[in-house]
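Undergrad: File name run.txt; file contents compact mmCIF, C-alpha atoms; full text below.
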```txt
# COMPACT_ATOMS: atom_id res chain seq x y z
CA MET A 1 120.81 89.29 151.70
CA THR A 2 118.33 88.48 148.97
CA LEU A 3 115.75 85.69 149.05
CA ALA A 4 117.77 83.65 146.56
CA GLU A 5 120.96 84.07 148.60
CA SER A 6 119.19 83.04 151.83
CA ARG A 7 118.10 79.84 150.11
CA GLY A 8 121.64 79.17 148.93
CA ILE A 9 120.71 79.54 145.25
CA LYS A 10 123.54 80.62 142.97
CA ARG A 11 122.73 83.05 140.20
CA PRO A 12 124.11 83.24 136.70
CA PRO A 13 126.13 86.35 135.82
CA GLU A 14 123.87 89.40 135.44
CA HIS A 15 124.32 89.88 131.72
CA GLU A 16 123.44 86.24 131.04
CA ALA A 17 120.33 86.42 133.21
CA ASP A 18 119.24 89.55 131.35
CA ALA A 19 119.52 88.10 127.90
CA ARG A 20 118.57 84.52 128.61
CA GLN A 21 115.42 83.51 130.45
CA ALA A 22 114.55 80.01 131.62
CA GLY A 23 114.17 77.62 128.74
CA GLY A 24 115.46 80.24 126.35
CA ARG A 25 118.54 81.14 124.34
CA ALA A 26 120.66 84.29 124.27
CA HIS A 27 119.13 87.21 122.39
CA PRO A 28 120.62 88.30 119.06
CA GLY A 29 122.88 91.34 118.65
CA PRO A 30 122.42 94.81 117.07
CA LEU A 31 123.55 93.64 113.62
CA GLU A 32 120.82 91.01 113.39
CA TYR A 33 118.20 93.45 114.72
CA THR A 34 119.22 95.97 112.03
CA ARG A 35 119.03 93.28 109.35
CA ILE A 36 115.47 92.39 110.46
CA GLY A 37 114.59 96.11 110.43
CA LEU A 38 115.76 96.40 106.83
CA ILE A 39 113.67 93.37 105.82
CA LEU A 40 110.63 94.95 107.51
CA ALA A 41 111.20 98.21 105.62
CA VAL A 42 111.44 96.37 102.29
CA ILE A 43 108.24 94.40 102.99
CA THR A 44 106.40 97.64 103.84
CA ALA A 45 107.56 99.15 100.54
CA VAL A 46 106.34 96.04 98.67
CA GLU A 47 102.96 96.29 100.46
CA VAL A 48 102.48 99.90 99.39
CA GLY A 49 103.66 99.06 95.85
CA ALA A 50 101.14 96.20 95.65
CA PHE A 51 98.37 98.60 96.74
CA TYR A 52 98.96 100.71 93.61
CA MET A 53 99.18 97.72 91.25
CA ASP A 54 96.20 97.01 89.02
CA ILE A 55 95.46 93.44 90.15
CA ALA A 56 92.35 91.50 91.17
CA GLN A 57 91.01 92.32 94.66
CA TRP A 58 91.34 88.73 95.88
CA ALA A 59 94.98 88.63 94.76
CA LEU A 60 95.72 91.98 96.42
CA VAL A 61 94.06 90.88 99.66
CA SER A 62 96.04 87.60 99.64
CA ILE A 63 99.36 89.38 99.02
CA LEU A 64 98.74 92.02 101.70
CA VAL A 65 97.58 89.53 104.34
CA VAL A 66 100.59 87.26 103.74
CA LEU A 67 103.06 90.19 103.83
CA SER A 68 101.59 91.63 107.02
CA ALA A 69 101.66 88.16 108.62
CA VAL A 70 105.38 87.93 107.75
CA LYS A 71 106.02 91.37 109.28
CA PHE A 72 104.03 90.42 112.39
CA SER A 73 106.02 87.18 112.75
CA LEU A 74 109.39 88.90 112.30
CA VAL A 75 108.62 91.44 115.03
CA VAL A 76 107.29 88.94 117.58
CA MET A 77 109.97 86.32 116.84
CA TRP A 78 113.03 88.59 116.84
CA PHE A 79 112.17 91.88 118.55
CA MET A 80 109.88 90.35 121.17
CA HIS A 81 112.29 87.38 121.41
CA LEU A 82 109.69 84.62 121.13
CA ARG A 83 112.21 82.70 119.02
CA PHE A 84 114.67 82.79 121.90
CA ASP A 85 112.61 82.91 125.11
CA SER A 86 110.49 80.39 126.98
CA ARG A 87 107.74 78.74 124.93
CA LEU A 88 105.26 79.75 127.61
CA PHE A 89 105.30 83.30 126.18
CA SER A 90 104.62 81.98 122.67
CA GLY A 91 101.71 79.99 124.10
CA LEU A 92 100.23 83.11 125.69
CA LEU A 93 100.43 85.13 122.46
CA VAL A 94 99.11 82.29 120.31
CA GLY A 95 96.27 81.77 122.82
CA GLY A 96 95.32 85.45 122.56
CA LEU A 97 95.56 85.35 118.76
CA MET A 98 93.41 82.21 118.57
CA LEU A 99 90.74 83.83 120.74
CA ALA A 100 90.86 86.93 118.53
CA ALA A 101 90.64 84.76 115.39
CA ALA A 102 87.66 82.88 116.83
CA LEU A 103 86.00 86.22 117.57
CA PHE A 104 86.66 87.34 113.96
CA VAL A 105 85.14 84.18 112.51
CA VAL A 106 82.07 84.20 114.75
CA VAL A 107 81.33 87.92 114.33
CA LEU A 108 81.97 88.14 110.58
CA SER A 109 80.23 84.87 109.73
CA THR A 110 77.10 85.57 111.75
CA LEU A 111 76.73 89.31 111.20
CA GLY A 112 78.37 89.77 107.81
CA GLY A 113 81.42 91.76 106.72
CA GLY A 114 84.82 90.54 105.55
CA LEU A 115 88.02 91.44 103.74
CA THR A 116 86.89 91.53 100.12
CA MET B 1 120.77 94.47 153.66
CA SER B 2 121.29 94.54 149.90
CA HIS B 3 118.59 95.40 147.38
CA ALA B 4 119.22 93.25 144.36
CA PRO B 5 116.90 93.72 141.39
CA ALA B 6 113.89 91.45 141.30
CA ALA B 7 114.87 90.34 137.81
CA LEU B 8 117.56 88.19 139.33
CA GLU B 9 115.36 86.47 141.88
CA THR B 10 114.74 82.79 141.28
CA THR B 11 111.12 81.84 140.59
CA ALA B 12 109.43 78.42 140.49
CA THR B 13 109.09 78.63 136.71
CA GLY B 14 112.52 80.18 136.19
CA ILE B 15 110.75 83.04 134.40
CA ASP B 16 110.71 86.60 135.64
CA ASN B 17 107.27 87.25 137.13
CA ARG B 18 107.04 90.74 135.62
CA LYS B 19 107.77 89.40 132.16
CA LEU B 20 105.12 86.71 132.57
CA LEU B 21 102.64 89.35 133.71
CA MET B 22 103.48 91.56 130.73
CA TRP B 23 102.84 88.68 128.32
CA LEU B 24 99.50 87.93 130.03
CA PHE B 25 98.59 91.61 129.62
CA LEU B 26 99.59 91.56 125.95
CA ALA B 27 97.53 88.41 125.38
CA SER B 28 94.47 90.22 126.76
CA GLU B 29 95.29 93.25 124.62
CA THR B 30 95.29 91.00 121.55
CA LEU B 31 91.65 90.23 122.24
CA LEU B 32 90.83 93.92 122.81
CA PHE B 33 92.30 95.02 119.48
CA GLY B 34 90.89 91.90 117.79
CA SER B 35 87.42 93.04 118.89
CA LEU B 36 87.96 96.58 117.63
CA ILE B 37 89.29 95.41 114.24
CA ALA B 38 86.42 92.91 113.92
CA ALA B 39 83.94 95.75 114.63
CA TYR B 40 85.60 97.89 111.93
CA LEU B 41 85.46 95.07 109.36
CA LEU B 42 81.87 94.25 110.33
CA TYR B 43 80.65 97.77 109.59
CA ARG B 44 83.00 98.48 106.67
CA GLY B 45 81.11 99.68 103.63
CA GLN B 46 77.90 100.00 105.68
CA SER B 47 77.91 103.80 106.00
CA VAL B 48 74.87 105.35 104.29
CA VAL B 49 76.29 108.89 104.36
CA GLY B 50 79.81 110.20 103.68
CA PRO B 51 82.56 110.94 104.00
CA TYR B 52 83.80 107.50 102.95
CA PRO B 53 87.27 106.02 103.55
CA GLU B 54 88.31 106.12 99.88
CA GLU B 55 87.68 109.88 99.89
CA LEU B 56 89.82 110.46 102.98
CA PHE B 57 92.69 107.99 103.19
CA ASP B 58 96.07 109.37 102.16
CA ILE B 59 98.03 106.13 101.65
CA PRO B 60 101.48 107.72 101.03
CA PHE B 61 101.15 109.73 104.28
CA THR B 62 99.97 106.72 106.32
CA SER B 63 102.71 104.56 104.78
CA VAL B 64 105.33 106.96 106.10
CA SER B 65 103.65 106.84 109.56
CA ALA B 66 103.67 103.03 109.45
CA PHE B 67 107.35 103.07 108.47
CA VAL B 68 108.17 105.46 111.33
CA LEU B 69 106.49 103.19 113.90
CA LEU B 70 108.18 100.11 112.42
CA MET B 71 111.60 101.76 112.66
CA SER B 72 110.87 102.75 116.26
CA SER B 73 110.68 99.03 117.02
CA VAL B 74 114.20 98.64 115.63
CA THR B 75 115.54 101.50 117.78
CA MET B 76 113.71 100.08 120.84
CA VAL B 77 115.37 96.69 120.50
CA LEU B 78 118.73 98.42 119.92
CA ALA B 79 118.19 100.24 123.25
CA LEU B 80 117.68 96.86 124.93
CA ALA B 81 120.81 95.44 123.28
CA ALA B 82 122.74 98.52 124.48
CA ILE B 83 121.76 98.18 128.15
CA GLN B 84 122.37 94.43 128.08
CA ARG B 85 125.99 95.06 127.11
CA GLY B 86 126.30 97.97 129.57
CA ASP B 87 126.44 100.67 126.89
CA GLN B 88 124.80 103.64 128.69
CA ARG B 89 125.41 106.11 125.84
CA GLY B 90 123.81 103.76 123.33
CA LEU B 91 120.87 103.20 125.69
CA ARG B 92 120.20 106.96 125.95
CA ILE B 93 120.52 107.54 122.21
CA TRP B 94 118.21 104.69 121.22
CA LEU B 95 115.62 105.43 123.94
CA PHE B 96 115.53 109.07 122.81
CA THR B 97 115.21 108.04 119.15
CA THR B 98 112.39 105.62 119.95
CA ALA B 99 110.47 108.25 121.93
CA LEU B 100 111.04 110.77 119.12
CA LEU B 101 109.74 108.37 116.46
CA GLY B 102 106.75 107.58 118.69
CA MET B 103 105.96 111.29 119.02
CA LEU B 104 106.31 111.69 115.26
CA PHE B 105 103.78 108.90 114.76
CA ILE B 106 101.33 110.48 117.21
CA SER B 107 101.76 113.86 115.51
CA GLY B 108 100.95 112.23 112.18
CA GLN B 109 97.85 110.64 113.65
CA ALA B 110 96.73 113.95 115.17
CA PHE B 111 97.20 115.62 111.77
CA GLU B 112 95.23 112.83 110.07
CA PHE B 113 92.38 113.07 112.60
CA THR B 114 92.26 116.85 112.16
CA GLU B 115 92.15 116.55 108.36
CA PHE B 116 89.41 113.90 108.50
CA ASN B 117 87.41 116.05 110.90
CA ARG B 118 87.80 119.03 108.57
CA GLU B 119 86.35 116.86 105.80
CA GLY B 120 83.29 116.20 107.97
CA LEU B 121 84.19 112.89 109.63
CA SER B 122 83.51 112.58 113.35
CA LEU B 123 82.74 109.85 115.88
CA SER B 124 79.04 110.24 115.16
CA SER B 125 78.96 111.19 111.46
CA ASN B 126 78.66 107.60 110.16
CA LEU B 127 79.61 103.97 110.94
CA PHE B 128 83.02 104.45 109.34
CA GLY B 129 83.77 107.43 111.60
CA THR B 130 82.72 105.57 114.75
CA THR B 131 84.66 102.37 114.10
CA PHE B 132 87.71 104.12 112.59
CA PHE B 133 88.18 106.68 115.37
CA VAL B 134 87.59 104.14 118.15
CA LEU B 135 90.09 101.66 116.67
CA THR B 136 92.85 104.09 115.72
CA GLY B 137 92.15 106.29 118.75
CA PHE B 138 92.68 103.34 121.13
CA HIS B 139 95.90 102.52 119.30
CA GLY B 140 97.05 106.14 119.47
CA ALA B 141 96.33 106.18 123.21
CA HIS B 142 98.52 103.08 123.60
CA VAL B 143 101.34 104.74 121.65
CA THR B 144 101.01 107.86 123.84
CA VAL B 145 101.30 105.78 127.02
CA GLY B 146 104.34 104.05 125.47
CA VAL B 147 106.02 107.38 124.70
CA LEU B 148 105.45 108.60 128.28
CA VAL B 149 106.99 105.41 129.70
CA LEU B 150 109.92 105.70 127.25
CA LEU B 151 110.54 109.28 128.36
CA SER B 152 110.48 108.10 132.00
CA LEU B 153 113.09 105.47 131.15
CA LEU B 154 115.16 108.11 129.36
CA VAL B 155 115.11 110.38 132.43
CA MET B 156 116.16 107.43 134.60
CA ALA B 157 118.98 106.63 132.17
CA LEU B 158 120.16 110.26 132.08
CA ARG B 159 120.27 110.30 135.89
CA GLY B 160 122.28 107.07 135.91
CA ARG B 161 119.45 105.14 137.57
CA LEU B 162 119.05 102.59 134.79
CA THR B 163 121.92 100.17 135.01
CA ARG B 164 122.70 96.91 133.27
CA SER B 165 121.21 94.91 136.16
CA GLN B 166 117.87 96.66 135.51
CA SER B 167 117.69 95.80 131.82
CA MET B 168 114.44 93.91 132.48
CA ASN B 169 112.72 97.31 132.82
CA VAL B 170 113.77 98.18 129.27
CA GLU B 171 112.78 94.74 128.01
CA LEU B 172 109.27 95.03 129.50
CA VAL B 173 108.71 98.47 127.95
CA GLY B 174 110.10 97.05 124.71
CA LEU B 175 107.57 94.21 124.73
CA TYR B 176 104.74 96.74 125.08
CA TRP B 177 106.20 98.95 122.35
CA HIS B 178 106.65 96.09 119.89
CA PHE B 179 103.10 94.96 120.59
CA VAL B 180 101.80 98.43 119.72
CA ASP B 181 103.83 98.15 116.51
CA VAL B 182 102.39 94.75 115.50
CA VAL B 183 98.87 96.04 116.14
CA TRP B 184 99.59 98.87 113.69
CA ILE B 185 100.92 96.33 111.15
CA ALA B 186 97.46 94.72 111.27
CA ILE B 187 95.58 98.05 111.21
CA PHE B 188 97.65 99.42 108.32
CA THR B 189 96.85 96.38 106.18
CA LEU B 190 93.24 95.68 107.18
CA VAL B 191 92.00 99.27 107.46
CA TYR B 192 94.09 101.33 105.03
CA LEU B 193 95.43 99.03 102.31
CA ILE B 194 92.54 96.59 101.96
CA GLN B 195 89.55 98.64 100.89
CA PRO B 196 86.26 97.24 99.63
```
When written as structure tokens, how does the structure in this file appear?
TA:
Amino acid sequence: MTLAESRGIKRPPEHEADARQAGGRAHPGPLEYTRIGLILAVITAVEVGAFYMDIAQWALVSILVVLSAVKFSLVVMWFMHLRFDSRLFSGLLVGGLMLAAALFVVVLSTLGGGLT
Amino acid sequence: MSHAPAALETTATGIDNRKLLMWLFLASETLLFGSLIAAYLLYRGQSVVGPYPEELFDIPFTSVSAFVLLMSSVTMVLALAAIQRGDQRGLRIWLFTTALLGMLFISGQAFEFTEFNREGLSLSSNLFGTTFFVLTGFHGAHVTVGVLVLLSLLVMALRGRLTRSQSMNVELVGLYWHFVDVVWIAIFTLVYLIQP
């Protein structure tokens, strides 16, 4: 007998528990994952294409940062299921990212360096 | 006495403890890689002796590596979808493909490191060498650990020891693998594509 059974707690069916955590929704299927993968591939191709374009450095930096942020978001939202799982996980990742961003700002503003 | 998987135990938060722990670990890893990328950007363009990044970087080659790692994230999530619907054959195929793509990425990185070293770049040759090798080396080490864990999962799956009720194991490895992928998304843009 498991701990949950000894406490008289009923469980959801296994496949539902696997795909759906507390406060979350069911995960998407293979078709949607493949569609996101194709979008990621296209964005990567656009990034590399932009690298070879003869445009101003500030414009190139802006385009590349935005495109990589979109790729980052697609992976964490769909593949890491932040769009579907508990918001606690999103809070943990955003917390880590905010600390990293604060580190970036402090280090680069006090010691120099940057993107352009 | 039955031995049900821990993934199905009820917790106070309703969230699997292992998944919560993995997210806490990934949050700390964000700060680790944030520090390494900040160090690279801080010292970028500060090297007083060569070789310099613009002389070494092979963007078409690295773009293919980035694409390979990105696609391994797709195959990883397809492996998770397969085990969640009880498709053992699909699980094995996608786990194997993910591990293979991971090994391909590591091979590419090893080739790149060797080429750079042949051109005179080492950990101690200049500031670029130090910050570049530490950043990408740490990432490569993470990918290597990921491949080893993927191969362990594959062996378990081939022996029939990875069933639908244990899909949380695949999900946890997937979270780690996708994190390694998003770190490379940042490195590819900030280190390779955006050059001073």
Undergrad: Please, which residues are within 12 Å of (105.0, 89.4, 130.9) by the file's coordinates, counting all atoms listed in the file, and could they come as an NGL selection string?
TA: (:A and (21 or 80 or 82 or 85-86 or 88-90 or 92-93)) or (:B and (15-28 or 168-169 or 171-176 or 179))
Undergrad: Using all atoms listed in the file and a distance of at most 7 Å, pull out the residues of chain B that contact chain A, as a VMD selection string.
TA: chain B and resid 1 to 2 4 8 to 10 14 to 15 23 to 24 27 to 28 30 to 31 34 38 41 to 44 67 71 74 77 to 78 81 84 165 167 to 168 175 178 182 185 to 186 189 193 to 194 196
Undergrad: As an exercise, work out the distance from CA of Phe61 in chain B to CA of Ser35 in chain B in Å and give it to one decimal place.
TA: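 Separating CA of Phe61 in chain B from CA of Ser35 in chain B is a distance of 26.1 Å.
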Undergrad: Dump as number ranges by chain all residues having an atom at most 7 Å from (112.2, 106.5, 114.5), computed in the file's coordinates with all atoms listed in the file.
TA: B: 68-69, 71-72, 75, 97-98, 100-102
Undergrad: Rounded to one decimal place, report the CA of Trp94 in chain B-CA of Ala79 in chain B distance in Å.
TA: 4.9 Å
Undergrad: So how far away is CA of Asp87 in chain B from CA of Val149 in chain B, in Å?
TA: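 That distance, rounded to one decimal, is 20.2 Å.
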Undergrad: Of the residues A:Gly49, A:Ile43, A:Arg83, A:Asp54, which is the one nearest to Val70 in chain A, using all atoms listed in the file?
TA: A:Ile43
Undergrad: Taking all atoms listed in the file into account, which of B:Leu36, B:Leu121, B:Leu151, B:Val145 comes nearest Val170 in chain B?
TA: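 Of B:Leu36, B:Leu121, B:Leu151, B:Val145, the one nearest Val170 in chain B, counting all atoms listed in the file, is B:Leu151.
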Undergrad: Could you work out an axis-aligned bounding box for all listed atoms of range 31-40 of chain B, with 4 Å added on each of the six sides, and give its centre and edge lengths in Å to one decimal, as lines of an AutoDock Vina configuration file?
TA:
```
center_x = 88.1
center_y = 94.1
center_z = 117.4
size_x = 16.4
size_y = 15.7
size_z = 18.9
```
